[in-house]
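Below: model09.cif (mmCIF, C-alpha atoms)
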data_run
#
loop_
_atom_site.group_PDB
_atom_site.id
_atom_site.type_symbol
_atom_site.label_atom_id
_atom_site.label_comp_id
_atom_site.auth_asym_id
_atom_site.auth_seq_id
_atom_site.Cartn_x
_atom_site.Cartn_y
_atom_site.Cartn_z
ATOM 1 C CA MET A 1 89.587 -24.912 24.460
ATOM 2 C CA SER A 2 86.171 -24.716 22.797
ATOM 3 C CA MET A 3 87.546 -26.435 19.702
ATOM 4 C CA LEU A 4 89.276 -29.074 21.804
ATOM 5 C CA GLN A 5 86.124 -29.744 23.801
ATOM 6 C CA ALA A 6 84.053 -30.149 20.634
ATOM 7 C CA ILE A 7 86.660 -32.472 19.082
ATOM 8 C CA LEU A 8 86.773 -34.596 22.239
ATOM 9 C CA PHE A 9 82.973 -34.853 22.246
ATOM 10 C CA VAL A 10 82.910 -35.999 18.614
ATOM 11 C CA VAL A 11 85.733 -38.523 19.120
ATOM 12 C CA ALA A 12 84.230 -39.885 22.348
ATOM 13 C CA PHE A 13 80.759 -40.345 20.852
ATOM 14 C CA TYR A 14 82.213 -41.816 17.654
ATOM 15 C CA PHE A 15 84.035 -44.521 19.596
ATOM 16 C CA MET A 16 81.093 -45.068 21.932
ATOM 17 C CA PHE A 17 78.703 -45.682 19.042
ATOM 18 C CA THR A 18 81.296 -47.890 17.339
ATOM 19 C CA VAL A 19 82.048 -49.988 20.417
ATOM 20 C CA LEU A 20 78.373 -50.391 21.315
ATOM 21 C CA GLY A 21 77.572 -51.276 17.726
ATOM 22 C CA THR A 22 74.766 -48.722 17.458
ATOM 23 C CA ARG A 23 76.039 -46.878 14.380
ATOM 24 C CA ASN A 24 73.549 -48.739 12.212
ATOM 25 C CA MET A 25 70.706 -47.292 14.297
ATOM 26 C CA ALA A 26 71.618 -43.777 13.169
ATOM 27 C CA ILE A 27 70.417 -42.069 10.008
ATOM 28 C CA ARG A 28 71.669 -43.466 6.698
ATOM 29 C CA GLY A 29 74.392 -41.133 5.512
ATOM 30 C CA ASP A 30 77.596 -39.571 6.845
ATOM 31 C CA PHE A 31 77.886 -40.654 10.483
ATOM 32 C CA LEU A 32 80.132 -37.694 11.358
ATOM 33 C CA ILE A 33 77.470 -35.239 10.191
ATOM 34 C CA TYR A 34 74.990 -37.081 12.402
ATOM 35 C CA LEU A 35 77.323 -36.601 15.377
ATOM 36 C CA VAL A 36 78.218 -32.976 14.641
ATOM 37 C CA THR A 37 74.587 -31.859 14.225
ATOM 38 C CA GLY A 38 73.817 -33.214 17.681
ATOM 39 C CA ILE A 39 76.985 -32.314 19.558
ATOM 40 C CA PHE A 40 77.470 -28.795 18.231
ATOM 41 C CA LEU A 41 73.899 -27.697 18.769
ATOM 42 C CA TYR A 42 74.080 -29.067 22.313
ATOM 43 C CA LEU A 43 77.398 -27.350 23.071
ATOM 44 C CA THR A 44 76.258 -24.053 21.574
ATOM 45 C CA HIS A 45 73.029 -24.114 23.569
ATOM 46 C CA ILE A 46 74.766 -24.914 26.872
ATOM 47 C CA LYS A 47 77.631 -22.448 26.367
ATOM 48 C CA ALA A 48 75.201 -19.654 25.460
ATOM 49 C CA LEU A 49 73.195 -20.426 28.588
ATOM 50 C CA THR A 50 76.320 -20.411 30.767
ATOM 51 C CA ALA A 51 77.672 -17.197 29.232
ATOM 52 C CA VAL A 52 74.435 -15.235 29.632
ATOM 53 C CA MET A 53 73.863 -16.580 33.130
ATOM 54 C CA GLY A 54 77.377 -15.466 34.090
ATOM 55 C CA ALA A 55 77.075 -11.997 32.532
ATOM 56 C CA GLU A 56 77.635 -8.904 34.676
ATOM 57 C CA GLY A 57 74.566 -8.371 36.840
ATOM 58 C CA PRO A 58 73.062 -5.240 38.408
ATOM 59 C CA THR A 59 75.320 -5.528 41.475
ATOM 60 C CA SER A 60 78.509 -5.586 39.416
ATOM 61 C CA ALA A 61 80.983 -2.734 39.831
ATOM 62 C CA MET A 62 80.928 -2.315 36.051
ATOM 63 C CA MET A 63 77.317 -1.106 36.299
ATOM 64 C CA LEU A 64 78.512 1.998 38.178
ATOM 65 C CA HIS A 65 79.667 3.407 34.821
ATOM 66 C CA ALA A 66 76.785 5.403 33.363
ATOM 67 C CA PRO A 67 76.801 4.089 29.758
ATOM 68 C CA MET A 68 76.916 0.486 30.965
ATOM 69 C CA ASN A 69 73.831 -1.595 31.718
ATOM 70 C CA THR A 70 72.905 -5.250 32.067
ATOM 71 C CA ILE A 71 71.529 -5.490 28.509
ATOM 72 C CA VAL A 72 74.939 -4.563 27.079
ATOM 73 C CA ALA A 73 76.617 -7.172 29.315
ATOM 74 C CA ILE A 74 74.110 -9.867 28.288
ATOM 75 C CA VAL A 75 74.373 -9.138 24.556
ATOM 76 C CA SER A 76 78.180 -9.027 24.635
ATOM 77 C CA SER A 77 78.372 -12.379 26.470
ATOM 78 C CA ALA A 78 75.903 -13.953 24.042
ATOM 79 C CA LEU A 79 77.692 -12.668 20.925
ATOM 80 C CA SER A 80 81.132 -13.708 22.186
ATOM 81 C CA THR A 81 79.859 -17.254 22.670
ATOM 82 C CA LEU A 82 78.314 -17.282 19.186
ATOM 83 C CA TYR A 83 81.590 -16.078 17.670
ATOM 84 C CA ILE A 84 83.718 -18.701 19.451
ATOM 85 C CA GLN A 85 81.320 -21.560 18.703
ATOM 86 C CA THR A 86 80.949 -20.561 15.045
ATOM 87 C CA LEU A 87 84.719 -20.348 14.616
ATOM 88 C CA SER A 88 85.099 -23.766 16.251
ATOM 89 C CA LEU A 89 82.382 -25.218 14.017
ATOM 90 C CA PHE A 90 83.996 -23.974 10.794
ATOM 91 C CA VAL A 91 87.449 -25.212 11.808
ATOM 92 C CA ILE A 92 86.168 -28.670 12.762
ATOM 93 C CA MET A 93 83.984 -28.982 9.650
ATOM 94 C CA LEU A 94 86.943 -27.939 7.497
ATOM 95 C CA GLY A 95 89.069 -30.590 9.210
ATOM 96 C CA ILE A 96 86.437 -33.273 8.627
ATOM 97 C CA HIS A 97 86.024 -32.185 5.008
ATOM 98 C CA THR A 98 89.792 -32.314 4.450
ATOM 99 C CA ILE A 99 90.689 -35.514 6.312
ATOM 100 C CA PHE A 100 87.635 -37.610 5.480
ATOM 101 C CA ASP A 101 85.307 -37.680 2.498
ATOM 102 C CA GLY A 102 83.905 -34.367 1.357
ATOM 103 C CA LEU A 103 80.952 -33.152 3.398
ATOM 104 C CA VAL A 104 77.585 -33.349 1.708
ATOM 105 C CA ILE A 105 74.820 -31.466 3.534
ATOM 106 C CA HIS A 106 71.408 -31.373 1.918
ATOM 107 C CA ASP A 107 70.334 -27.893 3.092
ATOM 108 C CA TRP A 108 73.089 -25.715 4.578
ATOM 109 C CA SER A 109 70.793 -22.762 5.273
ATOM 110 C CA GLY A 110 68.382 -24.904 7.284
ATOM 111 C CA VAL A 111 71.162 -26.405 9.404
ATOM 112 C CA ILE A 112 72.644 -22.949 10.115
ATOM 113 C CA PHE A 113 69.195 -21.652 11.052
ATOM 114 C CA MET A 114 68.782 -24.508 13.578
ATOM 115 C CA TYR A 115 72.269 -23.756 14.913
ATOM 116 C CA LEU A 116 71.368 -20.091 15.469
ATOM 117 C CA LEU A 117 68.105 -21.089 17.136
ATOM 118 C CA ALA A 118 70.028 -23.413 19.475
ATOM 119 C CA TRP A 119 72.173 -20.436 20.452
ATOM 120 C CA ALA A 120 69.116 -18.200 20.882
ATOM 121 C CA THR A 121 67.251 -20.689 23.083
ATOM 122 C CA GLY A 122 70.368 -21.079 25.244
ATOM 123 C CA CYS A 123 70.535 -17.301 25.652
ATOM 124 C CA ALA A 124 66.840 -17.186 26.577
ATOM 125 C CA VAL A 125 67.160 -19.875 29.261
ATOM 126 C CA GLY A 126 70.360 -18.241 30.542
ATOM 127 C CA LEU A 127 68.535 -14.903 30.811
ATOM 128 C CA ILE A 128 65.907 -16.473 33.077
ATOM 129 C CA PHE A 129 68.566 -18.104 35.252
ATOM 130 C CA MET A 130 70.553 -14.858 35.418
ATOM 131 C CA ASN A 131 67.573 -12.902 36.752
ATOM 132 C CA LEU A 132 66.692 -15.551 39.323
ATOM 133 C CA LYS A 133 70.275 -15.972 40.516
ATOM 134 C CA PRO A 134 70.391 -12.873 42.787
ATOM 135 C CA TRP A 135 67.235 -14.076 44.555
ATOM 136 C CA PHE A 136 68.073 -17.796 44.800
ATOM 137 C CA PRO A 137 71.824 -18.125 44.121
ATOM 138 C CA ASP A 138 72.356 -21.637 45.478
ATOM 139 C CA VAL A 139 69.125 -23.079 44.085
ATOM 140 C CA ILE A 140 69.678 -21.661 40.589
ATOM 141 C CA GLY A 141 73.235 -23.036 40.544
ATOM 142 C CA ILE A 142 71.855 -26.522 41.227
ATOM 143 C CA VAL A 143 69.045 -26.127 38.678
ATOM 144 C CA GLN A 144 71.512 -25.001 36.012
ATOM 145 C CA SER A 145 73.711 -28.017 36.698
ATOM 146 C CA ILE A 146 70.715 -30.373 36.504
ATOM 147 C CA TYR A 147 69.495 -28.764 33.268
ATOM 148 C CA THR A 148 72.938 -29.071 31.664
ATOM 149 C CA ARG A 149 73.331 -32.733 32.587
ATOM 150 C CA ALA A 150 69.748 -33.657 31.758
ATOM 151 C CA ASN A 151 70.229 -32.288 28.251
ATOM 152 C CA MET A 152 72.949 -34.876 27.630
ATOM 153 C CA ILE A 153 69.995 -37.228 27.150
ATOM 154 C CA ALA A 154 66.947 -34.953 26.764
ATOM 155 C CA SER A 155 68.469 -33.065 23.813
ATOM 156 C CA GLY A 156 68.199 -36.191 21.662
ATOM 157 C CA LYS A 157 71.720 -35.920 20.298
ATOM 158 C CA MET A 158 72.405 -39.593 21.063
ATOM 159 C CA PHE A 159 69.441 -41.065 19.192
ATOM 160 C CA VAL A 160 67.061 -40.499 16.300
ATOM 161 C CA ALA A 161 63.742 -38.944 17.286
ATOM 162 C CA ASN A 162 61.804 -40.878 14.639
ATOM 163 C CA ALA A 163 62.962 -44.137 16.225
ATOM 164 C CA LEU A 164 61.459 -43.308 19.634
ATOM 165 C CA PRO A 165 58.281 -45.123 20.705
ATOM 166 C CA ALA A 166 55.217 -42.873 20.766
ATOM 167 C CA MET A 167 54.924 -43.217 24.542
ATOM 168 C CA MET A 168 58.397 -41.663 25.007
ATOM 169 C CA ILE A 169 57.927 -38.587 22.806
ATOM 170 C CA PRO A 170 56.313 -36.471 25.586
ATOM 171 C CA TRP A 171 59.421 -37.043 27.735
ATOM 172 C CA PHE A 172 61.498 -35.089 25.212
ATOM 173 C CA SER A 173 59.100 -32.843 23.282
ATOM 174 C CA TRP A 174 59.154 -30.148 26.012
ATOM 175 C CA ASN A 175 62.796 -29.475 25.205
ATOM 176 C CA PRO A 176 63.403 -26.974 22.362
ATOM 177 C CA LEU A 177 66.883 -28.423 21.828
ATOM 178 C CA PHE A 178 65.334 -31.825 21.089
ATOM 179 C CA HIS A 179 63.295 -30.218 18.293
ATOM 180 C CA LEU A 180 66.270 -28.283 16.919
ATOM 181 C CA ILE A 181 68.668 -31.228 16.756
ATOM 182 C CA ASP A 182 66.083 -33.418 15.043
ATOM 183 C CA GLN A 183 65.180 -30.653 12.591
ATOM 184 C CA ALA A 184 68.867 -29.986 11.873
ATOM 185 C CA ARG A 185 69.282 -33.644 10.920
ATOM 186 C CA GLY A 186 66.227 -33.320 8.693
ATOM 187 C CA PHE A 187 67.938 -30.450 6.851
ATOM 188 C CA ALA A 188 71.343 -32.168 6.795
ATOM 189 C CA PHE A 189 70.158 -35.505 5.317
ATOM 190 C CA ASN A 190 67.986 -35.777 2.242
ATOM 191 C CA ASN A 191 66.562 -39.141 3.389
ATOM 192 C CA TYR A 192 65.469 -38.151 6.899
ATOM 193 C CA PHE A 193 62.122 -36.473 7.561
ATOM 194 C CA PRO A 194 61.341 -35.492 11.186
ATOM 195 C CA HIS A 195 57.846 -36.585 12.231
ATOM 196 C CA HIS A 196 57.739 -35.632 15.922
ATOM 197 C CA THR A 197 59.422 -32.220 15.965
ATOM 198 C CA ASN A 198 59.142 -28.760 14.407
ATOM 199 C CA TRP A 199 61.207 -25.572 14.422
ATOM 200 C CA HIS A 200 58.334 -23.241 15.286
ATOM 201 C CA TYR A 201 58.138 -24.318 18.921
ATOM 202 C CA PRO A 202 61.746 -23.231 19.738
ATOM 203 C CA ILE A 203 61.013 -19.781 18.237
ATOM 204 C CA TYR A 204 57.924 -19.279 20.411
ATOM 205 C CA PHE A 205 59.856 -20.691 23.388
ATOM 206 C CA THR A 206 62.685 -18.206 22.856
ATOM 207 C CA ILE A 207 60.389 -15.195 22.416
ATOM 208 C CA ALA A 208 58.433 -16.069 25.570
ATOM 209 C CA LEU A 209 61.531 -16.564 27.725
ATOM 210 C CA VAL A 210 63.246 -13.423 26.407
ATOM 211 C CA MET A 211 60.169 -11.337 27.265
ATOM 212 C CA LEU A 212 60.011 -12.877 30.740
ATOM 213 C CA GLY A 213 63.758 -12.407 31.145
ATOM 214 C CA LEU A 214 63.630 -8.724 30.201
ATOM 215 C CA MET A 215 60.785 -8.133 32.631
ATOM 216 C CA GLY A 216 62.763 -9.960 35.301
ATOM 217 C CA ASP A 217 65.836 -7.859 34.542
ATOM 218 C CA PHE A 218 63.809 -4.645 34.913
ATOM 219 C CA TYR A 219 62.294 -5.874 38.182
ATOM 220 C CA THR A 220 65.682 -6.926 39.602
ATOM 221 C CA ARG A 221 67.445 -3.674 38.621
ATOM 222 C CA LYS A 222 64.762 -1.652 40.405
ATOM 223 C CA ARG A 223 65.380 -3.595 43.612
ATOM 224 C CA VAL A 224 69.133 -4.086 43.423
ATOM 225 C CA SER A 225 71.045 -3.710 46.677
ATOM 226 C CA ALA A 226 74.748 -3.674 47.473
ATOM 227 C CA SER A 227 73.983 -6.007 50.381
ATOM 228 C CA TRP A 228 73.358 -8.842 47.882
ATOM 229 C CA THR A 229 77.077 -9.170 47.338
ATOM 230 C CA ALA A 230 78.161 -8.342 50.896
ATOM 231 C CA GLY A 231 80.231 -11.044 52.481
ATOM 232 C CA ARG A 232 80.738 -12.958 49.229
#

Rewritten as structure tokens:
Amino acid sequence: MSMLQAILFVVAFYFMFTVLGTRNMAIRGDFLIYLVTGIFLYLTHIKALTAVMGAEGPTSAMMLHAPMNTIVAIVSSALSTLYIQTLSLFVIMLGIHTIFDGLVIHDWSGVIFMYLLAWATGCAVGLIFMNLKPWFPDVIGIVQSIYTRANMIASGKMFVANALPAMMIPWFSWNPLFHLIDQARGFAFNNYFPHHTNWHYPIYFTIALVMLGLMGDFYTRKRVSASWTAGR
């Protein structure tokens, strides 16, 4: 299903750009690489967020087993998402390489690094949502839905960051995924040089949210109550 979802995203955006006639506004080079660098980083980020947010919490029956704790549940959910998304990425890239012209990516290591950072930032945001969910379950569900849908645009996967007017950059620069997608395209194409983004900000963003998330997890576990799940 993850592979099918990614394929449908690529096909849908390919036809949308073709029908709207905006392909020429993209970066000079392989248009499919342009699409994949945006779509896959977005999907990986959102799926990591969803997986970590849905990990077993302190009120789960699984936590009654002594060796089990929330950190193990969070890490296992995060790694399972990374495995599935990486497998999907390799299969789809192999298909593109086989069916179409051979893939030419300027700096593979840089693109993979941005991909891993997209996963890490998704895990960090998901960790914050997970720890707030027991306290504000309905509100956090709405916030997560808004964040996911807002990133359809705010992630920058549908446009080139260098083409944005200067007045619009602050609308997107808060988002680590916006930086990562633009940087990934900078590594993927040898004729594109990101001017408005960097890959340091997502690292600091991830470290800060992980530290806050771990503190929140400790605080929540100390105050866990079976009544949180009563009646649900």

Could you pull the residues within 9 Å of Thr44 of chain A, counting only C-alpha atoms, minus those fewer than 2 positions along the same chain, as a PDB file with C-alpha atoms, keeping the file's coordinate frame?
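New file part.pdb:
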ATOM      1  CA  ILE A  39      76.985 -32.314  19.558  1.00  0.00           C
ATOM      2  CA  PHE A  40      77.470 -28.795  18.231  1.00  0.00           C
ATOM      3  CA  LEU A  41      73.899 -27.697  18.769  1.00  0.00           C
ATOM      4  CA  TYR A  42      74.080 -29.067  22.313  1.00  0.00           C
ATOM      5  CA  ILE A  46      74.766 -24.914  26.872  1.00  0.00           C
ATOM      6  CA  LYS A  47      77.631 -22.448  26.367  1.00  0.00           C
ATOM      7  CA  ALA A  48      75.201 -19.654  25.460  1.00  0.00           C
ATOM      8  CA  LEU A  49      73.195 -20.426  28.588  1.00  0.00           C
ATOM      9  CA  THR A  81      79.859 -17.254  22.670  1.00  0.00           C
ATOM     10  CA  LEU A  82      78.314 -17.282  19.186  1.00  0.00           C
ATOM     11  CA  GLN A  85      81.320 -21.560  18.703  1.00  0.00           C
ATOM     12  CA  THR A  86      80.949 -20.561  15.045  1.00  0.00           C
ATOM     13  CA  TYR A 115      72.269 -23.756  14.913  1.00  0.00           C
ATOM     14  CA  LEU A 116      71.368 -20.091  15.469  1.00  0.00           C
ATOM     15  CA  ALA A 118      70.028 -23.413  19.475  1.00  0.00           C
ATOM     16  CA  TRP A 119      72.173 -20.436  20.452  1.00  0.00           C
ATOM     17  CA  GLY A 122      70.368 -21.079  25.244  1.00  0.00           C
TER      18      GLY A 122
END

>> What would the selection look like, as a list in words, if the PyMOL selection byres ((chain A and resi 213) around 8) were run on the coordinates I just shared?
In response: Ala124, Leu127, Ile128, Asn131, Leu209, Val210, Met211, Leu212, Leu214, Met215, Gly216 and Asp217 of chain A

> How would you write, as an MDAnalysis selection string, the residues chosen by the PyMOL selection byres ((chain A and resi 178-187) around 10) on this structure?
Replying inline: chainID A and resid 27 33:42 105:118 121 151 153:157 159:162 172:177 188:202

> Of the residues A:Ile207, A:Met158, A:Leu32, A:Ala12, which is the one nearest to Ile96 of chain A, using all atoms listed in the file?
Replying inline: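 Using all atoms listed in the file, the shortest distance to Ile96 of chain A belongs to A:Leu32.
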
> Just how far from atom CA of Met1 of chain A is atom CA of Ile92 of chain A, in Å to one decimal?
Replying inline: 12.8 Å

>> Residues near Phe129 of chain A, anyone? I mean within 8 Å using all atoms listed in the file, not counting same-chain ones fewer than 5 positions away, as a list of chain:residue names.
In response: A:Met53, A:Ile140, A:Gln144

Could you put an axis-aligned box around every listed atom of segment 118-130 of chain A, padded by 3 Å on each side, and send me its centre and edge lengths in Å to one decimal, as JSON?
{"center_x": 69.0, "center_y": -19.1, "center_z": 27.4, "size_x": 12.3, "size_y": 14.6, "size_z": 21.9}

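The interatomic distance for the pair atom CA of Ser80 of chain A and atom CA of Val139 of chain A works out to 26.7 Å.
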
> What gap, in Å, lies between atom CA of Met3 of chain A and atom CA of Leu94 of chain A?
Replying inline: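 It comes out at 12.3 Å.
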
Contacts of Thr220 of chain A at 9 Å (only C-alpha atoms; same-chain gap of 6+ positions) as a CSV table (one decimal) with C-alpha atoms, keeping the file's coordinate frame:
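Final output, selection38.csv:
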chain,number,residue,atom,x,y,z
A,58,PRO,CA,73.1,-5.2,38.4
A,131,ASN,CA,67.6,-12.9,36.8
A,132,LEU,CA,66.7,-15.6,39.3
A,134,PRO,CA,70.4,-12.9,42.8
A,135,TRP,CA,67.2,-14.1,44.6

>> Take the PyMOL selection byres ((chain A and resi 54) around 9), run it mentally on this structure, and tell me the resulting residues as a ChimeraX atom specification.
In response: /A:49-53,55-57,74,77,126,130

File for segment 28-114 of chain A (C-alpha atoms), as a short mmCIF file (atom, residue, chain, number, x, y, z; two decimals), in the first residue's frame:
data_model
loop_
_atom_site.label_atom_id
_atom_site.label_comp_id
_atom_site.auth_asym_id
_atom_site.auth_seq_id
_atom_site.Cartn_x
_atom_site.Cartn_y
_atom_site.Cartn_z
CA ARG A 28 16.03 21.89 -15.65
CA GLY A 29 16.69 18.17 -15.64
CA ASP A 30 14.76 14.93 -15.11
CA PHE A 31 11.21 15.93 -14.17
CA LEU A 32 10.56 12.59 -12.42
CA ILE A 33 13.50 13.16 -10.08
CA TYR A 34 12.05 16.58 -9.30
CA LEU A 35 8.74 14.94 -8.37
CA VAL A 36 10.23 12.05 -6.40
CA THR A 37 12.49 14.28 -4.27
CA GLY A 38 9.44 16.26 -3.19
CA ILE A 39 6.84 13.51 -2.86
CA PHE A 40 8.97 10.91 -1.10
CA LEU A 41 10.39 13.27 1.48
CA TYR A 42 6.87 14.50 2.20
CA LEU A 43 5.43 10.98 2.50
CA THR A 44 8.31 9.79 4.68
CA HIS A 45 7.96 12.78 7.00
CA ILE A 46 4.18 12.39 7.38
CA LYS A 47 4.26 8.60 7.78
CA ALA A 48 7.00 8.83 10.42
CA LEU A 49 4.95 11.43 12.28
CA THR A 50 1.82 9.27 12.12
CA ALA A 51 3.65 6.10 13.18
CA VAL A 52 5.34 7.68 16.20
CA MET A 53 2.18 9.50 17.23
CA GLY A 54 0.29 6.19 17.11
CA ALA A 55 2.92 4.22 19.03
CA GLU A 56 1.95 2.39 22.22
CA GLY A 57 1.60 4.94 25.01
CA PRO A 58 2.00 4.66 28.79
CA THR A 59 -1.63 3.52 29.22
CA SER A 60 -1.25 0.63 26.79
CA ALA A 61 -1.65 -2.91 28.12
CA MET A 62 1.69 -3.75 26.51
CA MET A 63 3.41 -1.47 29.05
CA LEU A 64 2.40 -3.86 31.85
CA HIS A 65 5.22 -6.17 30.70
CA ALA A 66 8.35 -5.21 32.64
CA PRO A 67 10.91 -5.10 29.79
CA MET A 68 8.61 -2.96 27.66
CA ASN A 69 8.55 0.84 27.76
CA THR A 70 7.38 3.70 25.58
CA ILE A 71 10.87 4.34 24.14
CA VAL A 72 10.96 0.82 22.69
CA ALA A 73 7.48 1.31 21.19
CA ILE A 74 8.46 4.68 19.67
CA VAL A 75 11.74 3.42 18.19
CA SER A 76 10.11 0.29 16.74
CA SER A 77 7.33 2.34 15.09
CA ALA A 78 9.87 4.81 13.68
CA LEU A 79 12.18 2.10 12.30
CA SER A 80 9.32 0.13 10.74
CA THR A 81 8.22 3.24 8.85
CA LEU A 82 11.79 3.90 7.68
CA TYR A 83 12.10 0.32 6.45
CA ILE A 84 8.81 0.38 4.51
CA GLN A 85 9.46 3.80 2.98
CA THR A 86 13.03 2.91 1.99
CA LEU A 87 11.88 -0.33 0.37
CA SER A 88 9.17 1.57 -1.51
CA LEU A 89 11.68 4.20 -2.62
CA PHE A 90 14.14 1.64 -4.02
CA VAL A 91 11.42 -0.28 -5.86
CA ILE A 92 9.96 2.87 -7.43
CA MET A 93 13.38 4.28 -8.36
CA LEU A 94 14.31 0.93 -9.91
CA GLY A 95 11.07 1.00 -11.90
CA ILE A 96 11.73 4.54 -13.12
CA HIS A 97 15.32 3.64 -14.00
CA THR A 98 14.17 0.57 -15.94
CA ILE A 99 11.12 1.97 -17.76
CA PHE A 100 12.38 5.48 -18.50
CA ASP A 101 15.83 6.88 -19.12
CA GLY A 102 18.52 5.95 -16.64
CA LEU A 103 18.47 8.01 -13.45
CA VAL A 104 21.23 10.55 -13.08
CA ILE A 105 21.50 12.03 -9.58
CA HIS A 106 24.32 14.46 -8.93
CA ASP A 107 24.99 13.57 -5.27
CA TRP A 108 23.33 10.37 -4.01
CA SER A 109 24.73 10.68 -0.48
CA GLY A 110 23.31 14.18 -0.06
CA VAL A 111 19.85 13.14 -1.24
CA ILE A 112 19.83 10.12 1.10
CA PHE A 113 20.93 12.34 3.99
CA MET A 114 18.00 14.71 3.32
#
